[in-house]
Amino acid sequence: MRRLGTLTALVTVAAAAVLIASTATSAEAATSSVPFTTCSDAPTFGCGHLPVPLDPTSVIPGTVSLAIRRELSQTGTATEAVVALAGGPGQAALPFASDAQQIMSAALATRDLVVFDQRGTGDSGALKCSALSFSSEPLSTVIPDCATQIGATRGLYTTDDSVADLEALRKALGYTKLVLYGTSYGTKVALRYAAEYPNNVAGLILDSTVTPNGPDIFDQSSYAAVPRILSQLCASGACPGIANPLADLVKVLARLNRGPVTATYISGSGKAIPLKLYAGEVASILLAGDEDPSLRADFPAAVAAAADGHYGLLAILVAHAVLGGSSNSTVDNPLFIDTLCEELPFPWSRSAAATDRIAAALAAAQALPAGTFGPFSFTTAFQQSSAADCAYWPFATTAPEPDVTALPNVPTLIISGADDLRTPTSNAQQVAAMIPDATVVVVPQTGHSVLTTEFGSCARNAVNAFFAGTAIDTTCAPRAVPPYLKPAPAAPSSLGSLSPLRGTHGVPGRTARAVELTLGWSARELSESLFETLIGSFNPSYTNGLGGLHSGYAKLTTSKTSLKSTFTFHRFSYVAGVTISGSITNGVGTLTIGGGRAASGRIVASTFNRFVGKLGGVAIRFTISRAQALALTASSAR
């Protein structure tokens with residue numbers, strides 16, 4: 001749940017009017033043994049710390065200080081609290097306390113809100129491991145070095161240790177029961193707490209569910225969901241020019257399984273950068289699309305082109321989602337590795353050598369039924385799995401966490417994104433089968449962390465109804481999304497494959513069509529880059545330049561004095577053999593068309609989105625959509 005708090009941050013100001021302000025001083029705690037003082041950066045919250053045993057069994061001495069933020073209910077006398085549990089494992093929760101307050105506002109008239117960094121994260125003794133910074137080192141060196149740097153107590157950061165902390169927190173703050181709101185990994189903490197302390201749970205809100213014994217070490221449910229996700233994405237002709245994205249993906253993976261393919265990615269300065277593409281990177285793009293819908297929207301067109309032997313679009317996605325992905329400072333990566341390695345049931349002896357562990361894991365993956373990993377191979381599933389890292393981990397515990405076999409039938413709302421691959425809807429259904437009266441809400445057009453990323457309000461309405469005790473509407477209707485988040489059309493394989501622009505013919509007409517498509521693709525890429533910048537993803541195009549698909553680059557600049565925006569093309573090519581040079585300022589400008597296969601000439605935009613000119617001596621006239629024109633003029637109205 002890397003993006004918790006990024007999309008919601010965009011609406012924080014607008015939503016400020018509905019945030020609940022406590023009528024009691026947040027630092028007061030009538031029944032709490034934890035002293036709170038008013039948080040300097042959030043005056044409605046009280047800040048405090050609770051020392052808990054480092055080892056809940058008390059065998060190993062020491063304590064961990066849990067950093068807590070709490071907001072009292074309107075009455076200031078609540079006996080129940082909503083506790084927000086962050087994801088990861090390894091994500092700090094305190095930076096998102098105000099977001100949790102907004103999302104859970106319907107519950108907070110009579111309940112306190114408690115947010116805390118789980119042990120080993122954020123301000124609760126975040127684990128440190130400098131070895132992870134040396135990306136050039138092999139896993140066989142990095143993972144053992146990281147474990148050594150964490151130290152002999154690395155076996156004390158499992159989910160069940162966090163469950164013990166949560167119970168200690170409940171007791172120290174004086175609550176009779178808790179409502180647990182978890183996202184992603186936080187749902188696992190919530191479920192295992194409910195299994196261990198069923199009488200202390202007033203309700204569960206589970207967003208993007210991890211099963212209580214998960215995640216599966218090979219992510220079987222994620223891979224199995226790939227065909228469904230692609231089918232949903234391109235249903236009802238939503239992917240223009242793309243007949244079967246799954247078949248395209250199967251063809252691409254068959255090629256990549258034989259070895260990497262070298263493709264070219266054009267940087268924002270026009271430099272051609274060779275990239276080796278691997279099957280695992282394709283899987284990474286799909287998973288990254290859970291939190292960045294622009295990646296998911298571009299995926300079918302990229303694999304369709306790759307299936308025809310053109311890997312440029314796929315290279316762009318790899319460059320954005322895999323190679324250029326920026327690290328998230330709210331996630332403690334050492335804790336992530338530590339927790340997964342120590343608690344999951346890997347198919348090997350913990351005392352075995354690393355080479356034997358790898359062999360055992362590969363054999364276990366290969367032995368699974370055909371189709372377990374969707375279109376991907378068992379080898380890719382292993383390489384992308386936690387098993388590939390944890391094979392080198394020196395275990396401090398002798399066994400994985402015990403399985404949870406039963407869950408209490410407490411009031412439970414389970415929210416799932418229909419497009420979520422990381423924690424697919426099958427996880428939600430599996431947990432719902434263990435809680436007979438649970439309500440499942442599946443939100444279309446949404447990936448991971450639904451309550452912070454959905455375009456509509458269906459999930460939020462479900463939360464409000466859950467706390468109001470009214471009927472929950474489980475039928476979420478699709479919502480309109482911006483054009484740049486709809487599936488991209490198939491990219492032209494060549495100039496000759498294009499139909500001439502209406503009213504024209506021959507090479508001039510095809511060139512005009514290529515220019516129209518190039519402007520449309522540029523506008524889409526610019527809009528996506530702005531969107532990704534706002535949500536904290538990586539895409540340098542908006543500020544550093546947009547590389548063409550085949551050559552050249554384009555750059556957006558804004559005058560500090562006149563505020564005029566200029567989009568300048570430098571031999572920019574989206575259709576092979578056709579280049580664009582020139583500039584458009586606030587929708588007006590002149591473009592020179594060239595390239596080895598094009599009908600050369602000039603076109604002029606004298607008004608906003610209308611273009612006229614001559615190509616190969618033939619008069620050309622066309623318009624682009626208002627949305628595309630707004631993107632090319634860097635208008636905030638997009």
# chains A, B, ... in the order shown; residues from 1 in each chain; ligands from 1

$ select_by_dssp --residues "stretch 397-629 of chain A" --states "alpha helix (DSSP H)" --output "PyMOL selection string"
chain A and resi 425-432+450-453+458-468+506-535+541-544+626-629

$ closest_atom_pairs --of "stretch 327-419 of chain A" --to "stretch 147-167 of chain A" --cutoff "12 Å" --atoms "only C-alpha atoms" --output "CSV"
residue,atom,partner,partner_atom,distance
A:Asn333,CA,A:Ile150,CA,11.7
A:Pro334,CA,A:Ile150,CA,8.0
A:Leu335,CA,A:Tyr157,CA,7.3
A:Phe336,CA,A:Tyr157,CA,9.4
A:Ile337,CA,A:Ala147,CA,9.1
A:Asp338,CA,A:Arg154,CA,6.7
A:Thr339,CA,A:Thr158,CA,5.0
A:Leu340,CA,A:Thr158,CA,7.8
A:Cys341,CA,A:Thr158,CA,9.2
A:Glu342,CA,A:Gly155,CA,6.2
A:Glu343,CA,A:Thr158,CA,6.0
A:Leu344,CA,A:Thr158,CA,9.4
A:Asp389,CA,A:Ala147,CA,11.6
A:Cys390,CA,A:Ala147,CA,10.4
A:Tyr392,CA,A:Ala147,CA,9.5
A:Trp393,CA,A:Ala147,CA,6.8
A:Pro394,CA,A:Ala147,CA,6.8
A:Phe395,CA,A:Gly155,CA,7.4
A:Ala396,CA,A:Gly155,CA,5.0
A:Thr397,CA,A:Gly155,CA,5.5
A:Thr398,CA,A:Gly155,CA,9.3
A:Ala399,CA,A:Gly155,CA,10.3
A:Pro400,CA,A:Thr158,CA,9.4
A:Glu401,CA,A:Asp160,CA,7.5
A:Pro402,CA,A:Asp160,CA,9.4
A:Asp403,CA,A:Asp160,CA,11.1
A:Val404,CA,A:Asp160,CA,11.1

$ select_by_dssp --residues "stretch 245-428 of chain A" --states "strand (DSSP E)" --output "NGL selection string"
:A and (261-266 or 272-277 or 412-417)

$ residues_around --residues "A:Thr379" --least-positions-apart "5" --cutoff "9 Å" --atoms "only C-alpha atoms" --output "PyMOL selection string"
chain A and resi 257+362+365-366+384

$ write_last_selection --atoms "N, CA and C atoms" --output "PDB file, in the first residue's frame"
ATOM      1  N   ASN A 257      10.651 -16.018 -21.942  1.00  0.00           N
ATOM      2  CA  ASN A 257      11.066 -17.193 -21.180  1.00  0.00           C
ATOM      3  C   ASN A 257      12.292 -17.864 -21.795  1.00  0.00           C
ATOM      4  N   LEU A 362      11.941 -24.193  -6.021  1.00  0.00           N
ATOM      5  CA  LEU A 362      11.675 -24.377  -7.445  1.00  0.00           C
ATOM      6  C   LEU A 362      10.883 -25.658  -7.683  1.00  0.00           C
ATOM      7  N   ALA A 365       7.266 -25.051  -6.638  1.00  0.00           N
ATOM      8  CA  ALA A 365       6.537 -24.234  -7.619  1.00  0.00           C
ATOM      9  C   ALA A 365       6.218 -25.049  -8.864  1.00  0.00           C
ATOM     10  N   GLN A 366       7.164 -25.849  -9.324  1.00  0.00           N
ATOM     11  CA  GLN A 366       6.958 -26.656 -10.525  1.00  0.00           C
ATOM     12  C   GLN A 366       5.897 -27.720 -10.319  1.00  0.00           C
ATOM     13  N   GLN A 384      10.220 -13.927  -8.667  1.00  0.00           N
ATOM     14  CA  GLN A 384       9.538 -12.734  -8.163  1.00  0.00           C
ATOM     15  C   GLN A 384       9.049 -12.907  -6.727  1.00  0.00           C
TER      16      GLN A 384
END

$ residues_around --residues "stretch 289-293 of chain A" --least-positions-apart "6" --cutoff "7 Å" --atoms "only C-alpha atoms" --output "VMD selection string"
chain A and resid 3 419 to 422 447 to 448 485
